[in-house]
Amino acid sequence: MTMTAPNVSCHLPAELNSFIGRRHEIAEVKRLLSDARLVTLIGVGGVGKTRLAQRVGFDLRRSFADGVWLVELAALESPELLVQAVMECLGIQDRSVRPPIEVLTDHLRDKKMLLILDNCEHLLDECAAVAETLMRAAPGLRILATSRQTLGVVGEQMMPVPPLPMPDFDVARSSADSLKQFDAIRLFADRSQSVLPGFEVTDDNQESVARIVRRLDGIPLAIELAAVRLRALSVEQLLARLDDRFRLLTMGARTAMPRQQTLRALIDWSYALCTEQERLLWARLSVFSGGLDLEAAEHVCAGDGIEPDEVVDLVVGLVGKSVLAREGDQTTVRYRLLETIRQYGRDRLRESGDEAAVRARHRDWFADLASRGQREWFGPDQVAWFNRLRAAHGNIRSALDYCLTTPGEAVRGLAIATALRFYWIATGSLREPRDWLDRLLAAGPATGPTAGPLAGPAADPATGTAVRDAAGDAAGDAAGTAAGDAAGDAAATARANALCVNARLAVLQSDFALAADMLEEARELAKQLDDAAILAEISYVSGLATLLQRDVTGAAALLEEAVAGYREADAPMGVVNTLLYLATAHSLLGHPEEAVARCKEGMAACEAREDHWFRSYTLWVYGIEVWREGDVARAVEMEREAIRLKQPFDDRLGTALCIEALAWMAADGAPERAAVLFGASQERWRSFGAPPFGYLSCHHDASEALARERLGEEKFEAAFRKGTGLTPADALAYAMCESAKPAKPAAAAAQTSPLTRREMEIARLVARGMTNKAIASALVIAQRTAEGHVEHILTKLGFNSRSQIAAWVGEQGRHPGGAP
């Protein structure tokens, strides 16, 4: 079955196969959670703690108004990122300078929620501290943890998760049907059927099946791994090989738990059944954290025994042996090692002596991925790159950790963190990149144009004594100096760029003093390097900081300087980024023509590149200027288009800015609507510490005062309170003039129209006789984008002319429930 629950906040992964048994354990966990704030499921690896926790969470989903949330900790290697991981899971985007635990407790303080902390054993002390802090602050919070040992928190209820029930009597006197009452037998049969359709426990094989599950101690993971072998073996052959393998356990650690020996032995056996190349790939894949794609496997794991073109077949083999789990859909395929399998592979990698080289290749791959993402961010594949980097986030953390903990690698780490500047901002995550940059900057080498290693004198091969004639000295010194200069320049460039990015993030958190110090150091390095791009970046960040501190004249001058510098450095992404703030500055200075000109230039650049991110922010600024000029309807549509562009990024800050602007635009003609939007905005700003549009407070203050005057104080406050009570989804739907809840089932709506909301909007404009160019102008989109939408509409409806679209739109409007 699949875990689905419409209209219920249940943030759990779908079950990919059936859940077998555990009725007693499920009931017991529910009972414990009704009395205790913290329940910890403990047991050996592979016993099924995670699946049990998820099943309980799914069953209890209606008991927690604010949802059931799963925080997967297995791939989290840095204890200091625990709170950040919980915040990411809960969708908390915080840009303030408050400690993360403070932000998290504030978010949970009035929530009624079940939080599942999965795989706590490697972060035991940190999980205990966080759990205790959260429970003290949030009385409606329940925590269900899974671990190999208890957290040790006061009030914690511990429940051991036993192996699945299995027969312990004389099987010969039992029937196959009676055996099926045991969960271990049922699980083996179910998983065997998935690899060998038609498999059944019969009177002929029941004894062998019973002996297999007993040999495996009823551990679910062990049973599942064993069942896979039925692809190639009979039940009797499987049992014989288990017997042979388990006899070797007497050579292992006698102090280990028997079930740990059993699971280890089974994984040993799975490892033994792999080819030499598959074993090698398994070990190398263990460096990945949080999954991988085929391209990453080919680049990181090939070499020294594995050719790049052999990787795909080896991956297929490991998937077939259930060592690798396949994830994703038909268009995007990723792979993941179960954590127990991953840890086993990591042990093998350490034993091989190959770990350092593989980790270095892993770092190189994700450094290159970050670099490519930066180069291609400003272009048509921007959303795809955002999703790719988000999927690689765990591996990026591992790469940065490698750079931080490996001598001489800090400069590479700075390059990775810096290349991700727009990805960090798009995710709403400012604290994590600042932490990485702070630590890498502190670990980095001394910098300067002449910093770096210099070559020493050559040595006589026979004596080891330094020897060189005068000409050789001169040539060698020159070569060494050149190499040293190049290394020093690279380090200085990396440091200067990192300081600029760190300062930019600090400015977005209103940490202006620290940002100024970092920019000053960056400026000295940039002058020494004579680097126009870095100097332009310094001007941009300084201008942004000045604007946020409401010195509009000073900001305009710095931003003009930044635009000129970016043009000189041929950095179009920097130009378009700066233009939107420069347009705002000109608008505030009373220069509407300059403001519009900067917006149009930015829009043209975005359209040429088919960009979403910068286009959305430019539309936000442009819409405000259009509103100030009196064209409210067009301004509103521009803000809504900006919101649509932001959806793939889940850009909550940008969306909040657009909703705020929509409130201003409604103040005169729809004051009640404005009041609701003001209330919704206030709730959104709580997660950012304070509204980040202080330099636009004149618009906010004037619009709110106008809405209060139009509506009256009592009605305004009532509408405002309504806005504060809206969920983020309802607030967004209200801002977009969409019903938060569909008037009819989604399935019925889909049957009525195969078009998306955006396509339906364009279809109506086609029905009004508008050309593609006119549609593009009306919706503030590229003409090529409009043409693409029209082509999609024709394809979906099976039409070949615009007149057919017009007739269809008219027909839809005549049917009850049809498109309006």
# chains A, B, ... in the order shown; residues from 1 in each chain; ligands from 1

call {"tool": "closest_atom_pairs", "arguments": {"of": "segment 390-413 of chain A", "to": "segment 430-441 of chain A", "cutoff": "8 Å", "atoms": "only C-alpha atoms", "output": "Markdown table"}}
result
| residue | atom | partner | partner_atom | distance |
| --- | --- | --- | --- | --- |
| A:Leu400 | CA | A:Trp436 | CA | 7.6 |
| A:Leu404 | CA | A:Leu440 | CA | 6.1 |
| A:Ala410 | CA | A:Leu440 | CA | 5.6 |
| A:Val411 | CA | A:Leu440 | CA | 7.7 |
| A:Gly413 | CA | A:Leu440 | CA | 6.7 |

call {"tool": "residues_around", "arguments": {"residues": "Asp611 of chain A", "least_positions_apart": "3", "cutoff": "9 Å", "atoms": "only C-alpha atoms", "output": "PDB file with N, CA, C and O atoms, in the first residue's frame"}}
result
ATOM      1  N   TRP A 377      23.406  29.014 -13.983  1.00  0.00           N
ATOM      2  CA  TRP A 377      22.275  29.481 -13.188  1.00  0.00           C
ATOM      3  C   TRP A 377      21.447  30.500 -13.952  1.00  0.00           C
ATOM      4  O   TRP A 377      20.220  30.487 -13.909  1.00  0.00           O
ATOM      5  N   PHE A 378      22.116  31.399 -14.647  1.00  0.00           N
ATOM      6  CA  PHE A 378      21.426  32.461 -15.373  1.00  0.00           C
ATOM      7  C   PHE A 378      21.107  31.960 -16.783  1.00  0.00           C
ATOM      8  O   PHE A 378      21.766  32.313 -17.752  1.00  0.00           O
ATOM      9  N   GLY A 379      20.080  31.095 -16.878  1.00  0.00           N
ATOM     10  CA  GLY A 379      19.756  30.524 -18.166  1.00  0.00           C
ATOM     11  C   GLY A 379      18.510  29.663 -18.113  1.00  0.00           C
ATOM     12  O   GLY A 379      17.839  29.558 -17.085  1.00  0.00           O
ATOM     13  N   PRO A 380      18.189  29.004 -19.214  1.00  0.00           N
ATOM     14  CA  PRO A 380      16.923  28.264 -19.324  1.00  0.00           C
ATOM     15  C   PRO A 380      16.846  27.036 -18.420  1.00  0.00           C
ATOM     16  O   PRO A 380      15.746  26.545 -18.151  1.00  0.00           O
ATOM     17  N   ASP A 381      18.003  26.508 -17.968  1.00  0.00           N
ATOM     18  CA  ASP A 381      18.006  25.307 -17.140  1.00  0.00           C
ATOM     19  C   ASP A 381      18.110  25.625 -15.656  1.00  0.00           C
ATOM     20  O   ASP A 381      18.482  24.768 -14.855  1.00  0.00           O
ATOM     21  N   GLN A 382      17.778  26.838 -15.306  1.00  0.00           N
ATOM     22  CA  GLN A 382      17.948  27.291 -13.919  1.00  0.00           C
ATOM     23  C   GLN A 382      17.171  26.432 -12.925  1.00  0.00           C
ATOM     24  O   GLN A 382      17.717  26.003 -11.891  1.00  0.00           O
ATOM     25  N   VAL A 383      15.911  26.146 -13.199  1.00  0.00           N
ATOM     26  CA  VAL A 383      15.100  25.346 -12.274  1.00  0.00           C
ATOM     27  C   VAL A 383      15.665  23.935 -12.167  1.00  0.00           C
ATOM     28  O   VAL A 383      15.742  23.365 -11.071  1.00  0.00           O
ATOM     29  N   ALA A 605      17.158  41.216 -20.405  1.00  0.00           N
ATOM     30  CA  ALA A 605      18.258  40.276 -20.173  1.00  0.00           C
ATOM     31  C   ALA A 605      17.729  38.929 -19.679  1.00  0.00           C
ATOM     32  O   ALA A 605      18.191  37.863 -20.102  1.00  0.00           O
ATOM     33  N   CYS A 606      16.750  38.975 -18.803  1.00  0.00           N
ATOM     34  CA  CYS A 606      16.167  37.743 -18.266  1.00  0.00           C
ATOM     35  C   CYS A 606      15.436  36.963 -19.358  1.00  0.00           C
ATOM     36  O   CYS A 606      15.528  35.729 -19.420  1.00  0.00           O
ATOM     37  N   GLU A 607      14.695  37.676 -20.199  1.00  0.00           N
ATOM     38  CA  GLU A 607      13.966  37.007 -21.271  1.00  0.00           C
ATOM     39  C   GLU A 607      14.924  36.373 -22.266  1.00  0.00           C
ATOM     40  O   GLU A 607      14.689  35.265 -22.750  1.00  0.00           O
ATOM     41  N   ALA A 608      16.020  37.068 -22.547  1.00  0.00           N
ATOM     42  CA  ALA A 608      16.998  36.530 -23.494  1.00  0.00           C
ATOM     43  C   ALA A 608      17.618  35.237 -22.952  1.00  0.00           C
ATOM     44  O   ALA A 608      17.933  34.324 -23.724  1.00  0.00           O
ATOM     45  N   PHE A 614      15.909  35.797 -11.375  1.00  0.00           N
ATOM     46  CA  PHE A 614      16.092  37.242 -11.430  1.00  0.00           C
ATOM     47  C   PHE A 614      14.875  37.915 -12.065  1.00  0.00           C
ATOM     48  O   PHE A 614      14.526  39.036 -11.702  1.00  0.00           O
ATOM     49  N   ARG A 615      14.250  37.236 -12.995  1.00  0.00           N
ATOM     50  CA  ARG A 615      13.047  37.786 -13.631  1.00  0.00           C
ATOM     51  C   ARG A 615      11.953  37.999 -12.588  1.00  0.00           C
ATOM     52  O   ARG A 615      11.248  39.016 -12.603  1.00  0.00           O
ATOM     53  N   SER A 616      11.811  37.052 -11.674  1.00  0.00           N
ATOM     54  CA  SER A 616      10.757  37.186 -10.659  1.00  0.00           C
ATOM     55  C   SER A 616      11.003  38.394  -9.773  1.00  0.00           C
ATOM     56  O   SER A 616      10.067  39.126  -9.433  1.00  0.00           O
TER      57      SER A 616
END

call {"tool": "select_by_dssp", "arguments": {"residues": "segment 180-410 of chain A", "states": "alpha helix (DSSP H)", "output": "ChimeraX atom specification"}}
result
/A:183-195,206-215,220-228,235-247,258-273,276-285,294-301,311-320,339-352,355-376,382-391,393-405,410

call {"tool": "select_by_dssp", "arguments": {"residues": "segment 20-241 of chain A", "states": "strand (DSSP E)", "output": "ChimeraX atom specification"}}
result
/A:38-42,68-72,113-118,141-147,157-160

call {"tool": "residues_around", "arguments": {"residues": "Ala633 of chain A", "least_positions_apart": "6", "cutoff": "10 Å", "atoms": "only C-alpha atoms", "output": "list in words"}}
result
Gly623, Val626, Trp627, Met665 and Ala666 of chain A

call {"tool": "write_last_selection", "arguments": {"atoms": "C-alpha atoms", "output": "tab-separated table (two decimals), in the first residue's frame"}}
result
chain	number	residue	atom	x	y	z
A	623	GLY	CA	5.33	45.99	-10.59
A	626	VAL	CA	3.96	50.45	-12.47
A	627	TRP	CA	1.60	50.68	-9.47
A	665	MET	CA	-1.89	47.80	-4.45
A	666	ALA	CA	-5.23	46.80	-2.90

call {"tool": "residues_around", "arguments": {"residues": "Arg710 of chain A", "least_positions_apart": "3", "cutoff": "12 Å", "atoms": "only C-alpha atoms", "output": "PyMOL selection string"}}
result
chain A and resi 666-675+703-707+713-716

call {"tool": "write_last_selection", "arguments": {"atoms": "all heavy atoms", "output": "compact mmCIF listing (two decimals), in the first residue's frame"}}
result
# COMPACT_ATOMS: atom_id res chain seq x y z
N ALA A 666 -3.80 46.96 -3.19
CA ALA A 666 -5.23 46.80 -2.90
C ALA A 666 -5.76 47.86 -1.95
O ALA A 666 -6.98 47.96 -1.76
CB ALA A 666 -5.48 45.40 -2.31
N ALA A 667 -4.88 48.65 -1.35
CA ALA A 667 -5.28 49.54 -0.26
C ALA A 667 -6.37 50.53 -0.66
O ALA A 667 -7.28 50.80 0.13
CB ALA A 667 -4.06 50.28 0.28
N ASP A 668 -6.30 51.05 -1.86
CA ASP A 668 -7.25 52.08 -2.26
C ASP A 668 -8.57 51.48 -2.73
O ASP A 668 -9.64 51.80 -2.22
CB ASP A 668 -6.62 52.92 -3.38
CG ASP A 668 -7.46 54.16 -3.69
OD1 ASP A 668 -8.38 54.48 -2.90
OD2 ASP A 668 -7.20 54.81 -4.72
N GLY A 669 -8.51 50.53 -3.67
CA GLY A 669 -9.74 50.00 -4.25
C GLY A 669 -10.34 48.83 -3.51
O GLY A 669 -11.54 48.57 -3.62
N ALA A 670 -9.55 48.09 -2.74
CA ALA A 670 -10.05 46.90 -2.02
C ALA A 670 -9.40 46.86 -0.64
O ALA A 670 -8.57 46.00 -0.35
CB ALA A 670 -9.75 45.63 -2.80
N PRO A 671 -9.78 47.81 0.24
CA PRO A 671 -9.09 47.93 1.54
C PRO A 671 -9.21 46.69 2.42
O PRO A 671 -8.28 46.37 3.16
CB PRO A 671 -9.77 49.14 2.18
CG PRO A 671 -11.09 49.28 1.47
CD PRO A 671 -10.83 48.83 0.08
N GLU A 672 -10.35 45.98 2.35
CA GLU A 672 -10.47 44.78 3.18
C GLU A 672 -9.48 43.72 2.71
O GLU A 672 -8.84 43.04 3.54
CB GLU A 672 -11.89 44.22 3.11
CG GLU A 672 -12.09 43.01 4.01
CD GLU A 672 -13.53 42.52 4.02
OE1 GLU A 672 -14.37 43.12 3.32
OE2 GLU A 672 -13.81 41.54 4.73
N ARG A 673 -9.34 43.59 1.42
CA ARG A 673 -8.37 42.64 0.87
C ARG A 673 -6.95 43.03 1.30
O ARG A 673 -6.12 42.18 1.66
CB ARG A 673 -8.49 42.62 -0.65
CG ARG A 673 -7.52 41.68 -1.32
CD ARG A 673 -7.78 41.59 -2.83
NE ARG A 673 -6.85 40.64 -3.42
CZ ARG A 673 -6.99 39.32 -3.35
NH1 ARG A 673 -8.04 38.80 -2.73
NH2 ARG A 673 -6.11 38.51 -3.90
N ALA A 674 -6.66 44.32 1.26
CA ALA A 674 -5.35 44.80 1.68
C ALA A 674 -5.08 44.43 3.13
O ALA A 674 -3.98 43.99 3.48
CB ALA A 674 -5.26 46.31 1.48
N ALA A 675 -6.09 44.61 3.99
CA ALA A 675 -5.90 44.31 5.41
C ALA A 675 -5.60 42.83 5.62
O ALA A 675 -4.74 42.47 6.44
CB ALA A 675 -7.15 44.71 6.19
N SER A 703 0.20 52.85 2.56
CA SER A 703 -0.87 51.96 2.11
C SER A 703 -1.69 51.44 3.28
O SER A 703 -2.92 51.35 3.20
CB SER A 703 -0.27 50.78 1.34
OG SER A 703 0.40 51.23 0.18
N GLU A 704 -1.03 51.12 4.36
CA GLU A 704 -1.77 50.65 5.53
C GLU A 704 -2.66 51.76 6.09
O GLU A 704 -3.82 51.51 6.45
CB GLU A 704 -0.81 50.15 6.62
CG GLU A 704 -1.54 49.62 7.84
CD GLU A 704 -0.62 49.06 8.90
OE1 GLU A 704 0.49 48.59 8.55
OE2 GLU A 704 -1.00 49.10 10.10
N ALA A 705 -2.12 52.97 6.14
CA ALA A 705 -2.92 54.11 6.64
C ALA A 705 -4.14 54.33 5.73
O ALA A 705 -5.25 54.60 6.22
CB ALA A 705 -2.05 55.36 6.70
N LEU A 706 -3.95 54.21 4.42
CA LEU A 706 -5.06 54.41 3.48
C LEU A 706 -6.12 53.32 3.67
O LEU A 706 -7.32 53.61 3.68
CB LEU A 706 -4.52 54.39 2.05
CG LEU A 706 -5.56 54.55 0.94
CD1 LEU A 706 -6.28 55.90 1.07
CD2 LEU A 706 -4.90 54.44 -0.44
N ALA A 707 -5.68 52.08 3.81
CA ALA A 707 -6.64 50.98 4.00
C ALA A 707 -7.43 51.16 5.29
O ALA A 707 -8.64 50.91 5.35
CB ALA A 707 -5.91 49.64 4.00
N GLU A 713 -11.24 51.49 11.50
CA GLU A 713 -10.31 50.77 12.37
C GLU A 713 -10.81 49.38 12.75
O GLU A 713 -10.07 48.40 12.70
CB GLU A 713 -10.07 51.60 13.63
CG GLU A 713 -8.84 51.17 14.42
CD GLU A 713 -7.55 51.44 13.67
OE1 GLU A 713 -7.51 52.35 12.81
OE2 GLU A 713 -6.57 50.69 13.92
N GLU A 714 -12.08 49.27 13.11
CA GLU A 714 -12.61 47.99 13.59
C GLU A 714 -12.60 46.94 12.47
O GLU A 714 -12.16 45.80 12.67
CB GLU A 714 -14.03 48.18 14.12
CG GLU A 714 -14.60 46.92 14.76
CD GLU A 714 -15.96 47.17 15.38
OE1 GLU A 714 -16.30 48.36 15.63
OE2 GLU A 714 -16.69 46.20 15.61
N LYS A 715 -13.07 47.31 11.29
CA LYS A 715 -13.11 46.35 10.18
C LYS A 715 -11.70 46.00 9.71
O LYS A 715 -11.43 44.87 9.31
CB LYS A 715 -13.93 46.93 9.03
CG LYS A 715 -15.42 47.00 9.31
CD LYS A 715 -16.19 47.48 8.08
CE LYS A 715 -17.69 47.50 8.34
NZ LYS A 715 -18.43 48.00 7.16
N PHE A 716 -10.82 46.99 9.75
CA PHE A 716 -9.44 46.71 9.34
C PHE A 716 -8.82 45.67 10.25
O PHE A 716 -8.20 44.70 9.78
CB PHE A 716 -8.60 47.99 9.36
CG PHE A 716 -7.16 47.77 8.94
CD1 PHE A 716 -6.78 47.93 7.61
CD2 PHE A 716 -6.19 47.38 9.86
CE1 PHE A 716 -5.47 47.70 7.22
CE2 PHE A 716 -4.88 47.16 9.47
CZ PHE A 716 -4.52 47.33 8.15

call {"tool": "residues_around", "arguments": {"residues": "Lys112 of chain A", "least_positions_apart": "4", "cutoff": "10 Å", "atoms": "only C-alpha atoms", "output": "list of chain:residue names"}}
result
A:Ser63, A:Phe64, A:Ala65, A:Asp66, A:Gly67, A:Val68, A:Leu108, A:Ala138, A:Pro139, A:Gly140, A:Leu141, A:Arg142

call {"tool": "write_last_selection", "arguments": {"atoms": "all heavy atoms", "output": "PDB file, in the first residue's frame"}}
result
ATOM      1  N   SER A  63      -4.279  12.884  14.602  1.00  0.00           N
ATOM      2  CA  SER A  63      -4.231  13.319  16.002  1.00  0.00           C
ATOM      3  C   SER A  63      -3.346  14.537  16.195  1.00  0.00           C
ATOM      4  O   SER A  63      -3.308  15.103  17.294  1.00  0.00           O
ATOM      5  CB  SER A  63      -3.712  12.168  16.884  1.00  0.00           C
ATOM      6  OG  SER A  63      -4.544  11.042  16.793  1.00  0.00           O
ATOM      7  N   PHE A  64      -2.628  14.948  15.135  1.00  0.00           N
ATOM      8  CA  PHE A  64      -1.696  16.064  15.268  1.00  0.00           C
ATOM      9  C   PHE A  64      -2.044  17.132  14.234  1.00  0.00           C
ATOM     10  O   PHE A  64      -1.788  16.966  13.049  1.00  0.00           O
ATOM     11  CB  PHE A  64      -0.257  15.577  15.090  1.00  0.00           C
ATOM     12  CG  PHE A  64       0.181  14.640  16.175  1.00  0.00           C
ATOM     13  CD1 PHE A  64       0.025  13.272  16.044  1.00  0.00           C
ATOM     14  CD2 PHE A  64       0.725  15.138  17.353  1.00  0.00           C
ATOM     15  CE1 PHE A  64       0.413  12.410  17.055  1.00  0.00           C
ATOM     16  CE2 PHE A  64       1.112  14.288  18.365  1.00  0.00           C
ATOM     17  CZ  PHE A  64       0.963  12.918  18.222  1.00  0.00           C
ATOM     18  N   ALA A  65      -2.627  18.208  14.734  1.00  0.00           N
ATOM     19  CA  ALA A  65      -3.134  19.262  13.846  1.00  0.00           C
ATOM     20  C   ALA A  65      -2.045  19.855  12.971  1.00  0.00           C
ATOM     21  O   ALA A  65      -2.309  20.292  11.846  1.00  0.00           O
ATOM     22  CB  ALA A  65      -3.795  20.361  14.683  1.00  0.00           C
ATOM     23  N   ASP A  66      -0.806  19.883  13.473  1.00  0.00           N
ATOM     24  CA  ASP A  66       0.282  20.492  12.714  1.00  0.00           C
ATOM     25  C   ASP A  66       1.173  19.470  12.031  1.00  0.00           C
ATOM     26  O   ASP A  66       2.274  19.794  11.587  1.00  0.00           O
ATOM     27  CB  ASP A  66       1.110  21.400  13.631  1.00  0.00           C
ATOM     28  CG  ASP A  66       0.287  22.570  14.132  1.00  0.00           C
ATOM     29  OD1 ASP A  66      -0.173  23.378  13.299  1.00  0.00           O
ATOM     30  OD2 ASP A  66       0.067  22.657  15.349  1.00  0.00           O
ATOM     31  N   GLY A  67       0.678  18.242  11.948  1.00  0.00           N
ATOM     32  CA  GLY A  67       1.334  17.280  11.081  1.00  0.00           C
ATOM     33  C   GLY A  67       2.257  16.293  11.766  1.00  0.00           C
ATOM     34  O   GLY A  67       2.612  16.418  12.940  1.00  0.00           O
ATOM     35  N   VAL A  68       2.642  15.304  10.981  1.00  0.00           N
ATOM     36  CA  VAL A  68       3.638  14.304  11.359  1.00  0.00           C
ATOM     37  C   VAL A  68       4.828  14.502  10.433  1.00  0.00           C
ATOM     38  O   VAL A  68       4.680  14.486   9.207  1.00  0.00           O
ATOM     39  CB  VAL A  68       3.081  12.873  11.209  1.00  0.00           C
ATOM     40  CG1 VAL A  68       4.145  11.841  11.556  1.00  0.00           C
ATOM     41  CG2 VAL A  68       1.849  12.683  12.089  1.00  0.00           C
ATOM     42  N   LEU A 108       7.888  25.963  17.102  1.00  0.00           N
ATOM     43  CA  LEU A 108       7.140  24.818  17.623  1.00  0.00           C
ATOM     44  C   LEU A 108       6.332  25.141  18.873  1.00  0.00           C
ATOM     45  O   LEU A 108       5.525  24.303  19.310  1.00  0.00           O
ATOM     46  CB  LEU A 108       8.113  23.669  17.946  1.00  0.00           C
ATOM     47  CG  LEU A 108       8.859  23.067  16.752  1.00  0.00           C
ATOM     48  CD1 LEU A 108       9.842  22.003  17.232  1.00  0.00           C
ATOM     49  CD2 LEU A 108       7.884  22.448  15.766  1.00  0.00           C
ATOM     50  N   ALA A 138       7.746  23.373  23.879  1.00  0.00           N
ATOM     51  CA  ALA A 138       6.540  23.120  23.084  1.00  0.00           C
ATOM     52  C   ALA A 138       5.711  22.013  23.730  1.00  0.00           C
ATOM     53  O   ALA A 138       5.943  20.824  23.469  1.00  0.00           O
ATOM     54  CB  ALA A 138       6.931  22.737  21.655  1.00  0.00           C
ATOM     55  N   PRO A 139       4.736  22.351  24.558  1.00  0.00           N
ATOM     56  CA  PRO A 139       3.955  21.335  25.268  1.00  0.00           C
ATOM     57  C   PRO A 139       3.119  20.444  24.363  1.00  0.00           C
ATOM     58  O   PRO A 139       2.736  19.348  24.754  1.00  0.00           O
ATOM     59  CB  PRO A 139       3.065  22.167  26.201  1.00  0.00           C
ATOM     60  CG  PRO A 139       3.036  23.534  25.609  1.00  0.00           C
ATOM     61  CD  PRO A 139       4.369  23.722  24.963  1.00  0.00           C
ATOM     62  N   GLY A 140       2.819  20.890  23.125  1.00  0.00           N
ATOM     63  CA  GLY A 140       2.018  20.076  22.218  1.00  0.00           C
ATOM     64  C   GLY A 140       2.840  19.163  21.330  1.00  0.00           C
ATOM     65  O   GLY A 140       2.290  18.484  20.469  1.00  0.00           O
ATOM     66  N   LEU A 141       4.156  19.144  21.562  1.00  0.00           N
ATOM     67  CA  LEU A 141       5.046  18.346  20.715  1.00  0.00           C
ATOM     68  C   LEU A 141       5.237  16.944  21.290  1.00  0.00           C
ATOM     69  O   LEU A 141       5.428  16.764  22.491  1.00  0.00           O
ATOM     70  CB  LEU A 141       6.412  19.034  20.609  1.00  0.00           C
ATOM     71  CG  LEU A 141       7.496  18.295  19.822  1.00  0.00           C
ATOM     72  CD1 LEU A 141       7.159  18.262  18.334  1.00  0.00           C
ATOM     73  CD2 LEU A 141       8.862  18.952  20.042  1.00  0.00           C
ATOM     74  N   ARG A 142       5.165  15.941  20.421  1.00  0.00           N
ATOM     75  CA  ARG A 142       5.544  14.577  20.760  1.00  0.00           C
ATOM     76  C   ARG A 142       6.713  14.192  19.854  1.00  0.00           C
ATOM     77  O   ARG A 142       6.745  14.564  18.681  1.00  0.00           O
ATOM     78  CB  ARG A 142       4.386  13.591  20.535  1.00  0.00           C
ATOM     79  CG  ARG A 142       3.220  13.756  21.491  1.00  0.00           C
ATOM     80  CD  ARG A 142       3.557  13.187  22.872  1.00  0.00           C
ATOM     81  NE  ARG A 142       2.410  13.106  23.738  1.00  0.00           N
ATOM     82  CZ  ARG A 142       1.923  14.111  24.461  1.00  0.00           C
ATOM     83  NH1 ARG A 142       2.483  15.301  24.380  1.00  0.00           N
ATOM     84  NH2 ARG A 142       0.879  13.927  25.249  1.00  0.00           N
TER      85      ARG A 142
END

call {"tool": "residues_around", "arguments": {"residues": "segment 201-208 of chain A", "least_positions_apart": "2", "cutoff": "12 Å", "atoms": "only C-alpha atoms", "output": "JSON, numbers by chain"}}
result
{"A": [167, 168, 169, 170, 171, 172, 173, 174, 175, 176, 177, 178, 179, 180, 181, 182, 185, 186, 187, 188, 189, 190, 191, 192, 193, 198, 199, 210, 211, 212, 213, 214, 215, 234, 235, 236, 237, 238, 239, 240, 242, 243]}

call {"tool": "residues_around", "arguments": {"residues": "segment 645-649 of chain A", "least_positions_apart": "4", "cutoff": "8 Å", "atoms": "only C-alpha atoms", "output": "ChimeraX atom specification"}}
result
/A:383,386,426-427,612-613,615-616,641,654-655

call {"tool": "atom_distance", "arguments": {"atom1": "atom CA of His122 of chain A", "atom2": "atom CA of Asp293 of chain A"}}
result
25.8 Å

call {"tool": "atom_distance", "arguments": {"atom1": "atom CA of Glu126 of chain A", "atom2": "atom CA of Asp401 of chain A"}}
result
18.5 Å

call {"tool": "atom_distance", "arguments": {"atom1": "atom CA of Glu524 of chain A", "atom2": "atom CA of Ser96 of chain A"}}
result
28.5 Å

call {"tool": "closest_residue", "arguments": {"among": "A:Ile267, A:Ala392, A:Ala283, A:Val358", "to": "Val300 of chain A", "atoms": "only C-alpha atoms"}}
result
A:Val358

call {"tool": "closest_residue", "arguments": {"among": "A:Ala545, A:Leu281, A:Ala776, A:Val501", "to": "Glu761 of chain A", "atoms": "only C-alpha atoms"}}
result
A:Ala776

call {"tool": "closest_residue", "arguments": {"among": "A:Ala85, A:Met770, A:Val333, A:Ala763", "to": "Glu72 of chain A", "atoms": "only C-alpha atoms"}}
result
A:Ala85

call {"tool": "closest_residue", "arguments": {"among": "A:Ala226, A:Leu76, A:Leu123, A:Ala635", "to": "Ile396 of chain A", "atoms": "only C-alpha atoms"}}
result
A:Leu76
